[in-house]
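Listing of start_26.tsv, TSV, C-alpha atoms
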chain	number	residue	atom	x	y	z
A	1	MET	CA	1.68	5.14	-5.79
A	2	GLU	CA	5.30	3.93	-5.62
A	3	ASN	CA	4.98	2.18	-2.23
A	4	SER	CA	2.96	-0.99	-2.73
A	5	SER	CA	3.37	-2.33	0.80
A	6	PRO	CA	0.08	-2.60	2.71
A	7	ARG	CA	1.90	-2.11	6.01
A	8	SER	CA	0.14	0.84	7.74
A	9	ALA	CA	-1.47	1.89	4.43
A	10	ARG	CA	-4.86	3.56	4.85
A	11	THR	CA	-7.68	1.65	3.15
A	12	VAL	CA	-11.48	1.80	3.03
A	13	VAL	CA	-13.96	-1.04	2.44
A	14	VAL	CA	-17.46	0.09	1.47
A	15	GLY	CA	-20.02	-2.53	2.45
A	16	GLY	CA	-19.75	-4.63	5.60
A	17	GLY	CA	-21.70	-7.72	4.55
A	18	THR	CA	-20.20	-11.21	4.33
A	19	MET	CA	-17.78	-10.33	1.54
A	20	GLY	CA	-16.86	-6.86	2.79
A	21	ALA	CA	-16.14	-8.15	6.29
A	22	ASP	CA	-13.79	-10.82	4.95
A	23	VAL	CA	-12.07	-8.39	2.56
A	24	ALA	CA	-11.38	-6.25	5.62
A	25	VAL	CA	-9.76	-9.30	7.22
A	26	VAL	CA	-7.49	-9.70	4.18
A	27	LEU	CA	-6.39	-6.05	4.24
A	28	ALA	CA	-5.89	-6.10	8.01
A	29	ARG	CA	-3.87	-9.30	7.64
A	30	GLY	CA	-1.38	-7.34	5.57
A	31	GLY	CA	-1.07	-4.67	8.22
A	32	ALA	CA	-3.23	-2.03	6.53
A	33	GLN	CA	-5.37	0.39	8.48
A	34	VAL	CA	-8.95	-0.39	7.50
A	35	THR	CA	-12.15	1.64	7.75
A	36	VAL	CA	-15.32	-0.30	6.91
A	37	VAL	CA	-18.35	1.74	5.87
A	38	ASP	CA	-21.82	0.27	6.34
A	39	PRO	CA	-25.11	2.06	7.11
A	40	HIS	CA	-26.57	-0.90	9.06
A	41	ALA	CA	-25.90	-0.74	12.80
A	42	ALA	CA	-26.25	-4.50	13.27
A	43	ARG	CA	-23.55	-5.16	10.70
A	44	ARG	CA	-21.26	-2.57	12.23
A	45	ASP	CA	-21.64	-4.21	15.64
A	46	HIS	CA	-20.65	-7.57	14.14
A	47	LEU	CA	-17.68	-6.39	12.10
A	48	LEU	CA	-15.01	-5.75	14.71
A	49	PRO	CA	-15.42	-9.04	16.62
A	50	HIS	CA	-15.54	-10.93	13.31
A	51	ILE	CA	-12.31	-9.42	12.00
A	52	ALA	CA	-10.43	-10.03	15.25
A	53	GLN	CA	-11.77	-13.60	15.47
A	54	GLU	CA	-10.85	-14.53	11.90
A	55	LEU	CA	-7.34	-13.15	12.16
A	56	ALA	CA	-6.79	-15.06	15.38
A	57	ALA	CA	-8.37	-18.28	14.02
A	58	ALA	CA	-5.99	-18.28	11.07
A	59	GLY	CA	-2.99	-17.56	13.27
A	60	GLN	CA	-2.38	-14.43	11.21
A	61	ALA	CA	-2.71	-11.79	13.89
A	62	THR	CA	0.73	-12.56	15.28
A	63	HIS	CA	2.24	-12.20	11.81
A	64	ALA	CA	0.46	-8.98	11.00
A	65	GLY	CA	1.05	-7.20	14.29
A	66	PRO	CA	-1.39	-4.68	15.74
A	67	VAL	CA	-3.91	-3.47	13.19
A	68	GLN	CA	-6.34	-0.59	13.57
A	69	VAL	CA	-9.79	-1.31	12.20
A	70	GLN	CA	-12.62	1.19	12.35
A	71	VAL	CA	-16.24	1.15	11.31
A	72	CYS	CA	-18.53	4.01	10.37
A	73	ALA	CA	-21.96	4.57	8.90
A	74	SER	CA	-21.30	6.72	5.82
A	75	LEU	CA	-18.66	8.01	3.44
A	76	GLN	CA	-18.92	11.39	5.11
A	77	ASP	CA	-17.74	9.84	8.41
A	78	VAL	CA	-14.48	8.57	6.89
A	79	ASP	CA	-11.20	10.39	7.45
A	80	TRP	CA	-10.04	10.30	3.83
A	81	SER	CA	-6.58	11.78	4.39
A	82	GLY	CA	-3.90	9.43	3.09
A	83	VAL	CA	-6.28	6.72	1.86
A	84	VAL	CA	-4.59	4.77	-0.97
A	85	LEU	CA	-7.19	2.07	-1.71
A	86	VAL	CA	-10.99	1.85	-1.64
A	87	VAL	CA	-12.69	-1.53	-2.17
A	88	GLU	CA	-16.41	-1.56	-3.00
A	89	CYS	CA	-18.33	-4.59	-1.68
A	90	ILE	CA	-21.94	-3.44	-1.88
A	91	THR	CA	-25.00	-5.06	-3.48
A	92	GLU	CA	-24.57	-6.58	-6.95
A	93	GLN	CA	-26.61	-3.91	-8.75
A	94	LEU	CA	-24.98	-1.84	-11.47
A	95	ALA	CA	-26.89	1.38	-10.73
A	96	ALA	CA	-25.95	1.22	-7.05
A	97	LYS	CA	-22.30	0.70	-7.87
A	98	GLN	CA	-22.24	3.54	-10.38
A	99	LYS	CA	-23.84	5.85	-7.83
A	100	LEU	CA	-21.27	4.88	-5.19
A	101	PHE	CA	-18.27	5.44	-7.47
A	102	ALA	CA	-19.67	8.80	-8.51
A	103	GLU	CA	-19.68	9.72	-4.80
A	104	LEU	CA	-16.17	8.32	-4.32
A	105	GLU	CA	-15.06	10.59	-7.15
A	106	THR	CA	-15.85	13.55	-4.91
A	107	VAL	CA	-14.58	12.32	-1.52
A	108	ALA	CA	-11.62	9.96	-2.07
A	109	PRO	CA	-8.12	11.40	-2.54
A	110	PRO	CA	-7.28	12.00	-6.21
A	111	ASN	CA	-4.49	9.39	-6.17
A	112	ALA	CA	-6.45	6.61	-4.40
A	113	VAL	CA	-7.13	3.42	-6.34
A	114	LEU	CA	-10.87	2.74	-6.54
A	115	ALA	CA	-11.63	-0.97	-6.83
A	116	SER	CA	-14.82	-3.01	-7.18
A	117	ASN	CA	-15.32	-6.55	-5.92
A	118	SER	CA	-18.13	-7.09	-8.42
A	119	SER	CA	-18.24	-10.61	-9.83
A	120	GLY	CA	-20.74	-9.82	-12.57
A	121	PHE	CA	-20.26	-6.27	-13.82
A	122	PRO	CA	-17.19	-5.21	-15.81
A	123	ILE	CA	-15.30	-2.37	-14.19
A	124	SER	CA	-15.59	-0.57	-17.54
A	125	ALA	CA	-19.38	-0.53	-17.14
A	126	ILE	CA	-19.18	0.75	-13.57
A	127	ALA	CA	-16.69	3.44	-14.63
A	128	GLN	CA	-18.75	4.66	-17.58
A	129	GLY	CA	-18.97	8.45	-17.62
A	130	LEU	CA	-16.68	8.93	-14.60
A	131	ALA	CA	-13.52	11.01	-14.60
A	132	THR	CA	-11.97	8.43	-12.26
A	133	ALA	CA	-12.09	5.58	-14.82
A	134	GLN	CA	-8.29	5.49	-15.15
A	135	ARG	CA	-7.85	4.65	-11.48
A	136	MET	CA	-10.77	2.23	-11.27
A	137	LEU	CA	-10.01	-1.51	-11.32
A	138	GLY	CA	-11.75	-4.75	-10.52
A	139	LEU	CA	-10.56	-6.51	-7.37
A	140	HIS	CA	-12.51	-9.75	-7.33
A	141	PHE	CA	-12.28	-11.97	-4.26
A	142	PHE	CA	-13.77	-15.45	-3.83
A	143	MET	CA	-15.89	-16.47	-0.85
A	144	PRO	CA	-14.73	-16.78	1.83
A	145	ALA	CA	-12.31	-14.02	0.86
A	146	HIS	CA	-9.97	-14.53	3.82
A	147	LEU	CA	-9.63	-18.30	3.21
A	148	VAL	CA	-9.46	-18.48	-0.61
A	149	PRO	CA	-6.04	-17.04	-1.55
A	150	LEU	CA	-6.90	-15.98	-5.11
A	151	VAL	CA	-7.85	-12.41	-5.95
A	152	GLU	CA	-8.28	-11.08	-9.48
A	153	VAL	CA	-6.93	-7.63	-10.36
A	154	VAL	CA	-8.94	-6.63	-13.42
A	155	LEU	CA	-8.05	-3.87	-15.88
A	156	GLY	CA	-10.93	-2.02	-17.50
A	157	GLU	CA	-10.80	-0.38	-20.91
A	158	ARG	CA	-9.50	2.88	-19.43
A	159	SER	CA	-7.67	1.55	-16.35
A	160	ASN	CA	-4.07	2.65	-15.89
A	161	PRO	CA	-1.99	-0.57	-16.22
A	162	ALA	CA	0.58	0.80	-13.76
A	163	LEU	CA	-2.11	0.87	-11.08
A	164	GLY	CA	-2.91	-2.75	-11.87
A	165	THR	CA	0.73	-3.62	-11.23
A	166	TRP	CA	0.65	-1.62	-7.98
A	167	LEU	CA	-2.54	-3.31	-6.77
A	168	HIS	CA	-1.15	-6.75	-7.68
A	169	ALA	CA	1.90	-6.11	-5.46
A	170	PHE	CA	-0.29	-4.64	-2.70
A	171	MET	CA	-2.43	-7.78	-2.53
A	172	ARG	CA	0.63	-10.03	-2.43
A	173	GLY	CA	1.66	-8.05	0.60
A	174	CYS	CA	-1.67	-9.02	2.18
A	175	GLY	CA	-0.86	-12.72	1.73
A	176	SER	CA	-3.20	-13.16	-1.24
A	177	VAL	CA	-2.37	-14.76	-4.59
A	178	PRO	CA	-3.27	-12.06	-7.14
A	179	VAL	CA	-3.65	-12.65	-10.86
A	180	LEU	CA	-3.68	-9.80	-13.38
A	181	VAL	CA	-6.62	-9.96	-15.79
A	182	LYS	CA	-5.67	-7.75	-18.73
A	183	LYS	CA	-9.08	-7.58	-20.43
A	184	ASP	CA	-12.40	-6.87	-18.74
A	185	LYS	CA	-14.35	-9.88	-20.06
A	186	PRO	CA	-17.52	-11.19	-18.34
A	187	GLY	CA	-16.48	-13.57	-15.58
A	188	PHE	CA	-12.87	-12.30	-15.69
A	189	LEU	CA	-10.48	-15.30	-15.44
A	190	ALA	CA	-11.39	-17.83	-12.72
A	191	ASN	CA	-15.17	-17.69	-13.10
A	192	ARG	CA	-14.94	-18.18	-16.85
A	193	MET	CA	-13.03	-21.42	-16.27
A	194	GLN	CA	-15.28	-22.42	-13.39
A	195	HIS	CA	-18.43	-21.96	-15.47
A	196	ALA	CA	-16.93	-23.86	-18.39
A	197	LEU	CA	-16.52	-26.81	-16.03
A	198	SER	CA	-19.98	-26.30	-14.53
A	199	ARG	CA	-21.63	-26.24	-17.97
A	200	GLU	CA	-20.28	-29.72	-18.70
A	201	ALA	CA	-21.01	-30.96	-15.16
A	202	PHE	CA	-24.69	-30.02	-15.32
A	203	ALA	CA	-24.99	-31.24	-18.91
A	204	LEU	CA	-23.90	-34.66	-17.63
A	205	ILE	CA	-26.57	-34.44	-14.92
A	206	ASP	CA	-29.22	-33.38	-17.45
A	207	GLU	CA	-28.32	-36.36	-19.67
A	208	GLY	CA	-28.60	-38.77	-16.74
A	209	ILE	CA	-24.96	-39.82	-17.09
A	210	ALA	CA	-24.11	-39.14	-13.44
A	211	SER	CA	-25.77	-38.04	-10.21
A	212	PRO	CA	-24.95	-34.70	-8.55
A	213	GLU	CA	-23.10	-36.61	-5.82
A	214	ASP	CA	-20.93	-38.46	-8.35
A	215	VAL	CA	-20.20	-35.30	-10.32
A	216	ASP	CA	-18.92	-33.66	-7.13
A	217	ALA	CA	-16.87	-36.75	-6.23
A	218	ALA	CA	-15.28	-36.88	-9.69
A	219	VAL	CA	-14.07	-33.30	-9.30
A	220	ARG	CA	-13.07	-33.32	-5.62
A	221	PHE	CA	-11.30	-36.67	-5.55
A	222	GLY	CA	-10.11	-36.83	-9.16
A	223	PHE	CA	-8.69	-34.02	-11.26
A	224	GLY	CA	-9.77	-31.37	-8.76
A	225	PHE	CA	-7.62	-33.02	-6.11
A	226	ARG	CA	-4.61	-32.67	-8.40
A	227	PHE	CA	-5.38	-29.00	-8.95
A	228	LEU	CA	-4.09	-28.35	-5.43
A	229	ALA	CA	-0.65	-29.27	-6.74
A	230	ALA	CA	-0.83	-28.19	-10.39
A	231	GLY	CA	-3.20	-26.12	-12.54
A	232	PRO	CA	-4.36	-27.22	-16.00
A	233	VAL	CA	-1.31	-25.81	-17.80
A	234	LEU	CA	1.33	-27.35	-15.52
A	235	GLN	CA	-0.68	-30.58	-15.46
A	236	ARG	CA	-0.15	-30.94	-19.24
A	237	ASP	CA	3.60	-30.85	-18.73
A	238	HIS	CA	3.31	-33.50	-16.02
A	239	ALA	CA	1.14	-35.91	-18.04
A	240	GLY	CA	2.44	-35.20	-21.54
A	241	ILE	CA	1.07	-32.55	-23.86
A	242	GLU	CA	0.51	-35.03	-26.70
A	243	VAL	CA	-1.67	-37.21	-24.44
A	244	HIS	CA	-3.98	-34.34	-23.54
A	245	THR	CA	-4.03	-33.05	-27.12
A	246	ALA	CA	-5.20	-36.44	-28.40
A	247	ALA	CA	-7.83	-36.67	-25.65
A	248	ALA	CA	-9.07	-33.17	-26.49
A	249	ALA	CA	-9.47	-34.08	-30.16
A	250	THR	CA	-11.66	-37.02	-29.13
A	251	MET	CA	-13.79	-35.26	-26.52
A	252	TYR	CA	-14.21	-31.67	-27.68
A	253	PRO	CA	-16.76	-32.43	-30.41
A	254	THR	CA	-19.06	-34.01	-27.79
A	255	LEU	CA	-18.71	-31.42	-25.00
A	256	SER	CA	-21.67	-29.21	-24.18
A	257	ASN	CA	-21.64	-25.83	-25.91
A	258	THR	CA	-25.12	-24.71	-24.88
A	259	ASP	CA	-25.59	-20.97	-24.37
A	260	VAL	CA	-28.29	-21.36	-21.71
A	261	PRO	CA	-28.05	-22.67	-18.11
A	262	ALA	CA	-28.67	-26.39	-17.63
A	263	GLN	CA	-32.23	-27.62	-17.15
A	264	ALA	CA	-31.30	-28.98	-13.73
A	265	LEU	CA	-30.36	-25.45	-12.63
A	266	ARG	CA	-33.39	-23.78	-14.17
A	267	ASP	CA	-35.73	-26.28	-12.52
A	268	LYS	CA	-34.29	-25.59	-9.08
A	269	VAL	CA	-34.66	-21.84	-9.55
A	270	ALA	CA	-38.26	-22.24	-10.73
A	271	GLN	CA	-39.01	-24.35	-7.65
A	272	GLY	CA	-37.42	-21.80	-5.30
A	273	GLN	CA	-34.87	-24.38	-4.20
A	274	LEU	CA	-31.83	-22.12	-4.16
A	275	GLY	CA	-29.51	-24.03	-1.84
A	276	MET	CA	-28.60	-23.33	1.77
A	277	LYS	CA	-30.39	-19.96	1.81
A	278	THR	CA	-33.77	-21.64	1.23
A	279	GLY	CA	-33.08	-24.90	3.09
A	280	LYS	CA	-33.03	-27.02	-0.08
A	281	GLY	CA	-31.15	-27.16	-3.36
A	282	PHE	CA	-29.66	-30.31	-4.83
A	283	PHE	CA	-29.40	-31.40	-1.19
A	284	ASP	CA	-31.52	-30.75	1.92
A	285	TRP	CA	-30.21	-28.13	4.35
A	286	PRO	CA	-31.89	-28.15	7.78
A	287	GLU	CA	-30.21	-25.70	10.17
A	288	ASP	CA	-28.08	-28.28	11.98
A	289	ARG	CA	-26.75	-29.73	8.73
A	290	LYS	CA	-26.12	-26.25	7.36
A	291	ARG	CA	-24.02	-25.30	10.38
A	292	ALA	CA	-22.07	-28.56	10.24
A	293	GLU	CA	-21.41	-28.13	6.51
A	294	ARG	CA	-20.09	-24.60	6.91
A	295	THR	CA	-17.76	-25.78	9.69
A	296	ARG	CA	-16.55	-28.70	7.55
A	297	TYR	CA	-16.04	-26.44	4.53
A	298	ASP	CA	-14.06	-23.78	6.39
A	299	THR	CA	-11.97	-26.41	8.18
A	300	LEU	CA	-10.94	-28.04	4.91
A	301	LEU	CA	-10.09	-24.65	3.38
A	302	ARG	CA	-7.85	-23.85	6.37
A	303	GLN	CA	-6.16	-27.25	6.01
A	304	GLY	CA	-5.63	-26.51	2.33
A	305	LEU	CA	-4.02	-23.20	3.23
A	306	ALA	CA	-1.69	-25.03	5.60
A	307	LEU	CA	-0.69	-27.45	2.82
A	308	LEU	CA	0.07	-24.55	0.47
A	309	ALA	CA	1.72	-22.33	3.09
A	310	SER	CA	5.19	-22.63	1.58
A	311	GLU	CA	3.85	-21.44	-1.81
A	312	LEU	CA	1.74	-18.51	-0.59
A	313	PRO	CA	3.05	-14.94	-0.47
A	314	THR	CA	4.63	-14.01	2.84
A	315	ILE	CA	3.31	-11.12	4.89
A	316	GLU	CA	5.75	-8.36	5.73
A	317	PRO	CA	6.62	-8.47	9.45
A	318	PRO	CA	5.96	-5.40	11.61
A	319	THR	CA	8.79	-2.86	11.72
A	320	ASP	CA	8.76	-3.08	15.51
A	321	MET	CA	9.06	-6.81	16.22
A	322	SER	CA	7.92	-6.25	19.80
A	323	GLN	CA	4.47	-5.47	18.44
A	324	THR	CA	2.43	-8.65	18.09
A	325	ASP	CA	-0.81	-10.34	18.95
A	326	THR	CA	-4.33	-9.00	18.80
A	327	PRO	CA	-5.59	-6.35	16.36
A	328	THR	CA	-6.84	-3.13	17.83
A	329	THR	CA	-10.42	-2.38	16.80
A	330	THR	CA	-12.43	0.72	17.41
A	331	GLY	CA	-15.78	2.21	16.55
A	332	ALA	CA	-16.44	5.19	14.35
A	333	ARG	CA	-14.59	8.42	14.93
A	334	ALA	CA	-16.34	11.01	16.99

Please go through the file and, once you have read it, give me the structure as structure tokens.
Amino acid sequence: MENSSPRSARTVVVGGGTMGADVAVVLARGGAQVTVVDPHAARRDHLLPHIAQELAAAGQATHAGPVQVQVCASLQDVDWSGVVLVVECITEQLAAKQKLFAELETVAPPNAVLASNSSGFPISAIAQGLATAQRMLGLHFFMPAHLVPLVEVVLGERSNPALGTWLHAFMRGCGSVPVLVKKDKPGFLANRMQHALSREAFALIDEGIASPEDVDAAVRFGFGFRFLAAGPVLQRDHAGIEVHTAAAATMYPTLSNTDVPAQALRDKVAQGQLGMKTGKGFFDWPEDRKRAERTRYDTLLRQGLALLASELPTIEPPTDMSQTDTPTTTGARA
């Protein structure tokens, strides 16, 4: 596993849903050869146009050069020769993931890194009882995976740290911003911090201190706006560590430390108001508003990427600089 460049590396994504499709975009962006496995014909039909469209929309196809992307229906249809990385993006059910990795143990090359995009299950739990545990790691993307630069490389209890280092470098080569999570704790790194914020946000809503709209505005146009330029650690150096330390001493005793989800969240779940998927959550989502919101959201993320372009990892140019433009996509092998 000495070569950590994704250029022409053979990779496999298992699961062609929303997340798997966008993970394939990320790998293709780095110049990897990608095979996406999904048993559903409708998903397979959608995958190739989606990958080509997203690479072109981001202006990344010309940087990555021609990329071969294939789709197939099962693990048995994959040409496993030379595959260096497998990324699992199937349903968030532990038993299903354990079953899949047990199958990968028998079909993937013995030196391939086996990664899971699970956001909820520790890689140590997925790897339990498998001989492949040393080469199994978490590789947690954030939706939409091809627009949010961060990806977490997570070491399980038995993961080989050297493979974590290799995967970290591989993902940088795909233009992502990888972080190495050295202990397999629930929520890993980013989600733990995100949920700490959310706990306080919804506690404020429960207490009637602020509306959902004002909570969102306080984050987006206040400290969250500054996060684009500096994270919480660097921000302390900017503002003065003693200032934040004094503020923490005042506020920490009054922050929420509940170990259950906020009442506002539990009420919505009980009412079946789950957000966009059900047409109503904290806000109403008729189809036209839903489409407009997704367009607005993706547009702002792309603009954010443009603002951060000088700080994002660069993608290795093709060896043959005459090779540019559109990715080559094909169906399953005969």

Exercise for the section: Give as a PyMOL selection string every residue, naming chains and numbers as the document does, that has an atom within 8 Å of (-15.2, -2.6, -7.2), counting all atoms listed in the file. Expected result: chain A and resi 87-89+97+114-118+123+136-140

Practice task
Give as an MDAnalysis selection string every residue, naming chains and numbers as the document does, that has an atom within 9 Å of (0.6, -8.3, -16.2), counting all atoms listed in the file.
Solution key: chainID A and resid 161 164:165 168 179:182

Practice task
Record the distance separating CA of Gly224 in chain A and CA of Gln263 in chain A, expressed in Å with one decimal.
Solution key: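 Spanning CA of Gly224 in chain A to CA of Gln263 in chain A is a straight-line distance of 24.3 Å.
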
Exercise for the section: Work out how far CA of Arg289 in chain A is from CA of Ala210 in chain A, in Å to one decimal. Expected result: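 Taking CA of Ala210 in chain A and CA of Arg289 in chain A, their separation equals 24.2 Å.
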
Handout entry: Exercise: Phe121 in chain A partners within 9 Å, all atoms listed in the file, chain neighbours under 3 positions left out, as a VMD selection string
Key = chain A and resid 92 to 94 118 124 to 126 186 to 187

Kindly export the residues of the current selection with C-alpha atoms, as an mmCIF file, keeping the file's coordinate frame.
data_model
loop_
_atom_site.group_PDB
_atom_site.id
_atom_site.type_symbol
_atom_site.label_atom_id
_atom_site.label_comp_id
_atom_site.auth_asym_id
_atom_site.auth_seq_id
_atom_site.Cartn_x
_atom_site.Cartn_y
_atom_site.Cartn_z
ATOM 1 C CA GLU A 92 -24.570 -6.580 -6.950
ATOM 2 C CA GLN A 93 -26.610 -3.910 -8.750
ATOM 3 C CA LEU A 94 -24.980 -1.840 -11.470
ATOM 4 C CA SER A 118 -18.130 -7.090 -8.420
ATOM 5 C CA SER A 124 -15.590 -0.570 -17.540
ATOM 6 C CA ALA A 125 -19.380 -0.530 -17.140
ATOM 7 C CA ILE A 126 -19.180 0.750 -13.570
ATOM 8 C CA PRO A 186 -17.520 -11.190 -18.340
ATOM 9 C CA GLY A 187 -16.480 -13.570 -15.580
#

Handout entry: All residues 10 Å or closer to range 270-283 of chain A, only C-alpha atoms, same chain fewer than 5 positions away omitted, as a PyMOL selection string
Key = chain A and resi 212-213+264-265+289-291+293

Exercise for the section: Identify which of the residues A:Leu197, A:Val37, A:Leu150, A:Leu234 lies closest to Val219 in chain A, counting only C-alpha atoms when measuring atom-to-atom distances. Expected result: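 The answer is A:Leu197, which sits nearest to Val219 in chain A.
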
Completion exercise
In Å and to one decimal, CA of His146 in chain A is distant from CA of Met193 in chain A by 21.5 Å

Residues within 9 Å of Gly304 in chain A, all atoms listed in the file, excluding chain neighbours under 5 positions, as a PDB file with C-alpha atoms, in the coordinates of the input:
ATOM      1  CA  LEU A 228      -4.090 -28.350  -5.430  1.00  0.00           C
ATOM      2  CA  THR A 299     -11.970 -26.410   8.180  1.00  0.00           C
ATOM      3  CA  ALA A 309       1.720 -22.330   3.090  1.00  0.00           C
TER       4      ALA A 309
END

Fill in the blank from the handout: Shortest contact to Leu55 in chain A, candidates A:Val151, A:Val78, A:Ala108, A:Asp22, atoms counted all atoms listed in the file, goes to A:Asp22

Extending 6 Å beyond the listed atoms of range 161-173 of chain A on each side, what axis-aligned box results? I want centre and edge lengths in Å to one decimal, as AutoDock Vina command-line options.
--center_x -0.5 --center_y -4.6 --center_z -7.8 --size_x 16.8 --size_y 22.9 --size_z 28.8

Practice task
Compile the contact shell of Arg7 in chain A as a PyMOL selection string: residues with an atom at most 8 Å away, counting only C-alpha atoms, same-chain residues fewer than 5 positions apart removed.
Solution key: chain A and resi 30-32+316+318

Fill in the blank from the handout: Using only C-alpha atoms, the shortest atom-to-atom distance to His195 in chain A among A:Asn257, A:Ser8, A:Gln70, A:Gln128 belongs to A:Asn257

Handout entry: Which of A:Phe227, A:Gln235, A:Ser119, A:Arg296 sits closest to Lys185 in chain A [using all atoms listed in the file]
Key = A:Ser119

Handout entry: Using only C-alpha atoms: which of A:Pro261, A:Pro232, A:Gly82, A:Gly16 has the shortest distance to Ile51 in chain A
Key =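 The closest residue to Ile51 in chain A is A:Gly16.
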
Exercise for the section: Write out as a ChimeraX atom specification which residues come within 12 Å of Ala21 in chain A when counting all atoms listed in the file, dropping same-chain ones fewer than 5 positions away. Expected result: /A:12-16,26-28,34-38,43-55,69-71,87-90,141,143-146

Handout entry: Pick from A:Val260, A:Val243, A:Ala230, A:Ala248, whichever lies nearest to Phe202 in chain A using all atoms listed in the file
Key =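 Looking only at the distances to Phe202 in chain A, the closest residue turns out to be A:Val260.
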
Can you pull range 184-195 of chain A out of that block with N, CA, C and O atoms and hand it back as a tab-separated table (two decimals), in the first residue's frame?
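The result, written out as decode16.tsv:
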chain	number	residue	atom	x	y	z
A	184	ASP	N	-12.35	5.03	18.00
A	184	ASP	CA	-13.64	4.73	17.37
A	184	ASP	C	-14.79	5.03	18.33
A	184	ASP	O	-15.50	4.13	18.75
A	185	LYS	N	-14.98	6.31	18.67
A	185	LYS	CA	-16.05	6.69	19.59
A	185	LYS	C	-17.33	6.97	18.81
A	185	LYS	O	-17.28	7.37	17.65
A	186	PRO	N	-18.51	6.77	19.44
A	186	PRO	CA	-19.77	7.06	18.75
A	186	PRO	C	-19.81	8.50	18.24
A	186	PRO	O	-19.51	9.44	18.98
A	187	GLY	N	-20.15	8.65	16.96
A	187	GLY	CA	-20.19	9.99	16.38
A	187	GLY	C	-18.86	10.47	15.84
A	187	GLY	O	-18.79	11.53	15.22
A	188	PHE	N	-17.76	9.70	16.10
A	188	PHE	CA	-16.44	10.02	15.59
A	188	PHE	C	-16.01	11.42	16.06
A	188	PHE	O	-15.98	11.67	17.25
A	189	LEU	N	-15.70	12.33	15.14
A	189	LEU	CA	-15.21	13.66	15.52
A	189	LEU	C	-16.24	14.75	15.23
A	189	LEU	O	-16.75	15.41	16.13
A	190	ALA	N	-16.59	14.92	13.96
A	190	ALA	CA	-17.45	16.05	13.56
A	190	ALA	C	-18.86	15.93	14.12
A	190	ALA	O	-19.43	16.92	14.60
A	191	ASN	N	-19.45	14.73	14.08
A	191	ASN	CA	-20.82	14.59	14.57
A	191	ASN	C	-20.91	14.76	16.08
A	191	ASN	O	-21.94	15.21	16.60
A	192	ARG	N	-19.86	14.41	16.80
A	192	ARG	CA	-19.88	14.64	18.25
A	192	ARG	C	-19.97	16.15	18.53
A	192	ARG	O	-20.74	16.60	19.38
A	193	MET	N	-19.18	16.93	17.80
A	193	MET	CA	-19.23	18.38	17.99
A	193	MET	C	-20.56	18.96	17.50
A	193	MET	O	-21.14	19.85	18.13
A	194	GLN	N	-21.03	18.44	16.37
A	194	GLN	CA	-22.29	18.92	15.81
A	194	GLN	C	-23.45	18.66	16.76
A	194	GLN	O	-24.32	19.53	16.96
A	195	HIS	N	-23.48	17.47	17.38
A	195	HIS	CA	-24.57	17.15	18.28
A	195	HIS	C	-24.45	17.89	19.62
A	195	HIS	O	-25.47	18.16	20.27
